[in-house]
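Participant: Before we start, here is the structure in question, set down as structure tokens.
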Amino acid sequence: MGAAIRLESPRQEDVLRLLAALDAYLESLYPPESNHILDIDTLCAPGIRFFVARREGEALGCGALRIDSTGYGEVKRMFVHPDARGQKLGRAILMRIEEQASREGLKWLRLETGIHQAQALALYRHAGYAECGPFGEYTPDPLSHFFEKSIDPRSKRHPSRGR
């Protein structure tokens, strides 16, 4: 059974638990200066699209699209609960973010992830993301990998229109 991935508020109790689990995981791997965590208020800002993956009402994963004022999108807060891993939810969330980026007319998606997250690195590489240098406000960090992918805004999906 697949999961539904929808735009939702990150201020829901079950989603806050997911985000807390993500924060604890990242904090166990990296020092504070290498964690680039968007707080809850930022996740609710107008330039953020926050997605939640649910199955039978249960929040299993999340991810966000941050729209940069210079015209690219950034993948943020990607997480799948450990009990739901191995079901391709991370890939489904990433695809939903890419679809939204295309709808928004963005030409590039970029992201930062840590060197100790082998599953995330494999996901991004498999999805066609290529390593790049730091972007935006990021600086070089030996604990970070930076990726980008060209998004074709012409692939926007529009509902069919009756004639």
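Ligands are numbered from 1 in the order shown, residues from 1 within each chain, and chains are lettered A, B, ... in the order they appear in the structure tokens.
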Could you please write out, as a PDB file with C-alpha atoms, in the first residue's frame, every residue of stretch 11-158 of chain A that DSSP assigns to alpha helix (DSSP H)?

Facilitator:
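Produced file selection09.pdb, reproduced below:
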ATOM      1  CA  GLU A  13       2.001  16.811  16.740  1.00  0.00           C
ATOM      2  CA  ASP A  14       2.909  13.714  14.720  1.00  0.00           C
ATOM      3  CA  VAL A  15       4.964  15.786  12.282  1.00  0.00           C
ATOM      4  CA  LEU A  16       6.725  17.569  15.140  1.00  0.00           C
ATOM      5  CA  ARG A  17       7.701  14.109  16.455  1.00  0.00           C
ATOM      6  CA  LEU A  18       9.142  13.221  13.036  1.00  0.00           C
ATOM      7  CA  LEU A  19      11.123  16.458  12.979  1.00  0.00           C
ATOM      8  CA  ALA A  20      12.373  15.864  16.524  1.00  0.00           C
ATOM      9  CA  ALA A  21      13.545  12.374  15.512  1.00  0.00           C
ATOM     10  CA  LEU A  22      15.323  13.882  12.491  1.00  0.00           C
ATOM     11  CA  ASP A  23      16.982  16.534  14.653  1.00  0.00           C
ATOM     12  CA  ALA A  24      18.158  13.925  17.183  1.00  0.00           C
ATOM     13  CA  TYR A  25      19.550  11.779  14.368  1.00  0.00           C
ATOM     14  CA  LEU A  26      21.441  14.682  12.770  1.00  0.00           C
ATOM     15  CA  GLU A  27      22.723  15.915  16.130  1.00  0.00           C
ATOM     16  CA  SER A  28      24.099  12.422  16.831  1.00  0.00           C
ATOM     17  CA  LEU A  29      26.107  12.541  13.573  1.00  0.00           C
ATOM     18  CA  ILE A  40       9.540  25.200  12.738  1.00  0.00           C
ATOM     19  CA  ASP A  41       8.855  28.902  12.170  1.00  0.00           C
ATOM     20  CA  THR A  42      11.004  28.885   9.027  1.00  0.00           C
ATOM     21  CA  LEU A  43       9.230  25.733   7.803  1.00  0.00           C
ATOM     22  CA  LEU A  89       9.208   6.599   0.617  1.00  0.00           C
ATOM     23  CA  GLY A  90      12.282   8.817   0.476  1.00  0.00           C
ATOM     24  CA  ARG A  91      12.307   8.553  -3.315  1.00  0.00           C
ATOM     25  CA  ALA A  92       8.556   9.276  -3.458  1.00  0.00           C
ATOM     26  CA  ILE A  93       8.933  12.382  -1.270  1.00  0.00           C
ATOM     27  CA  LEU A  94      11.853  13.583  -3.382  1.00  0.00           C
ATOM     28  CA  MET A  95       9.845  13.078  -6.577  1.00  0.00           C
ATOM     29  CA  ARG A  96       6.974  15.087  -5.077  1.00  0.00           C
ATOM     30  CA  ILE A  97       9.380  17.917  -4.198  1.00  0.00           C
ATOM     31  CA  GLU A  98      10.778  17.835  -7.749  1.00  0.00           C
ATOM     32  CA  GLU A  99       7.257  17.957  -9.176  1.00  0.00           C
ATOM     33  CA  GLN A 100       6.439  20.982  -7.014  1.00  0.00           C
ATOM     34  CA  ALA A 101       9.685  22.691  -8.020  1.00  0.00           C
ATOM     35  CA  SER A 102       8.705  22.247 -11.660  1.00  0.00           C
ATOM     36  CA  ARG A 103       5.234  23.673 -10.985  1.00  0.00           C
ATOM     37  CA  ALA A 118      24.935   6.787   3.084  1.00  0.00           C
ATOM     38  CA  GLN A 119      21.262   6.129   2.286  1.00  0.00           C
ATOM     39  CA  ALA A 120      20.590   9.800   1.558  1.00  0.00           C
ATOM     40  CA  LEU A 121      23.702  10.061  -0.604  1.00  0.00           C
ATOM     41  CA  ALA A 122      22.636   6.987  -2.585  1.00  0.00           C
ATOM     42  CA  LEU A 123      19.089   8.343  -2.982  1.00  0.00           C
ATOM     43  CA  TYR A 124      20.236  11.692  -4.350  1.00  0.00           C
ATOM     44  CA  ARG A 125      22.813  10.189  -6.691  1.00  0.00           C
ATOM     45  CA  HIS A 126      20.328   7.619  -7.991  1.00  0.00           C
TER      46      HIS A 126
END

Participant: Please identify all polymer residues within 6 Å of stretch 54-62 of chain A, counting only C-alpha atoms, omitting same-chain residues fewer than 2 positions from it, and present them as a CSV table (one decimal) with N, CA and C atoms, in the first residue's frame.

Facilitator:
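Dumped everything to selection-v5.csv:
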chain,number,residue,atom,x,y,z
A,3,ALA,N,1.9,5.4,0.1
A,3,ALA,CA,1.6,6.5,1.0
A,3,ALA,C,1.2,7.7,0.2
A,4,ALA,N,0.3,8.5,0.8
A,4,ALA,CA,-0.1,9.8,0.2
A,4,ALA,C,0.9,10.8,0.7
A,51,PHE,N,6.0,18.9,2.9
A,51,PHE,CA,5.3,17.7,2.5
A,51,PHE,C,5.4,16.6,3.6
A,52,VAL,N,4.3,15.9,3.7
A,52,VAL,CA,4.2,14.8,4.7
A,52,VAL,C,3.7,13.6,4.0
A,78,MET,N,14.4,16.3,4.7
A,78,MET,CA,14.1,15.0,4.2
A,78,MET,C,14.3,14.0,5.3
A,79,PHE,N,13.2,13.2,5.6
A,79,PHE,CA,13.3,12.2,6.6
A,79,PHE,C,12.2,11.2,6.5
A,80,VAL,N,12.6,9.9,6.7
A,80,VAL,CA,11.6,8.8,6.7
A,80,VAL,C,11.9,8.1,8.0
A,81,HIS,N,10.8,7.9,8.8
A,81,HIS,CA,10.9,7.2,10.1
A,81,HIS,C,11.6,5.9,9.9

Participant: Counting only C-alpha atoms, which residue out of A:Glu104, A:Tyr129, A:Glu112, A:Ala45 sits closest to A:Asp141?

Facilitator: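 The closest residue to A:Asp141 is A:Glu112.
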
Participant: Calculated over only C-alpha atoms, which of the candidates A:Lys107, A:Arg85, A:Arg11, A:Arg77 has the smallest distance to A:Ser150?

Facilitator: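 For A:Ser150, the nearest of the given residues is A:Lys107.
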
Participant: Check chain A with DSSP on the backbone and list each residue it calls strand (DSSP E), as a VMD selection string.

Facilitator: chain A and resid 4 to 7 48 to 55 58 to 67 73 to 80 108 to 114 130 to 132 144 to 150

Participant: Have a look at A:His36, A:Lys88, A:Ser9, A:Glu74 and name the one nearest to A:Ser144; count only C-alpha atoms.

Facilitator: A:His36

Participant: So what do you get for atom CA of A:Glu137 versus atom CA of A:Asp152, distance-wise?

Facilitator: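 Spanning atom CA of A:Glu137 to atom CA of A:Asp152 is a straight-line distance of 24.6 Å.
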
Participant: Rank A:Pro134, A:Pro46, A:Pro82, A:Pro10 by their smallest atom-to-atom distance to A:Asp68, using only C-alpha atoms, and report the top residue only.

Facilitator: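 Between A:Pro134, A:Pro46, A:Pro82, A:Pro10, the residue approaching A:Asp68 most closely is A:Pro46.
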
Participant: Considering only C-alpha atoms, can you say which of A:Gly63, A:His116, A:Asn35, A:Leu109 comes closest to A:Ile48?

Facilitator: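 The shortest atom-to-atom distance to A:Ile48 comes from A:Gly63.
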
Participant: Using Å and a single decimal, report how far atom CA of A:Ile67 sits from atom CA of A:Cys44.

Facilitator: 12.5 Å

Participant: Hey, which of A:Thr139, A:Leu106, A:Ile5, A:Gln12 ends up closest to A:Ser69? Count only C-alpha atoms.

Facilitator: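 Ranking A:Thr139, A:Leu106, A:Ile5, A:Gln12 by distance to A:Ser69, first place goes to A:Leu106.
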
Participant: Work out how far atom CA of A:Phe50 is from atom CA of A:His145, in Å to one decimal.

Facilitator: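 Interatomic distance, atom CA of A:His145 to atom CA of A:Phe50: 22.4 Å.
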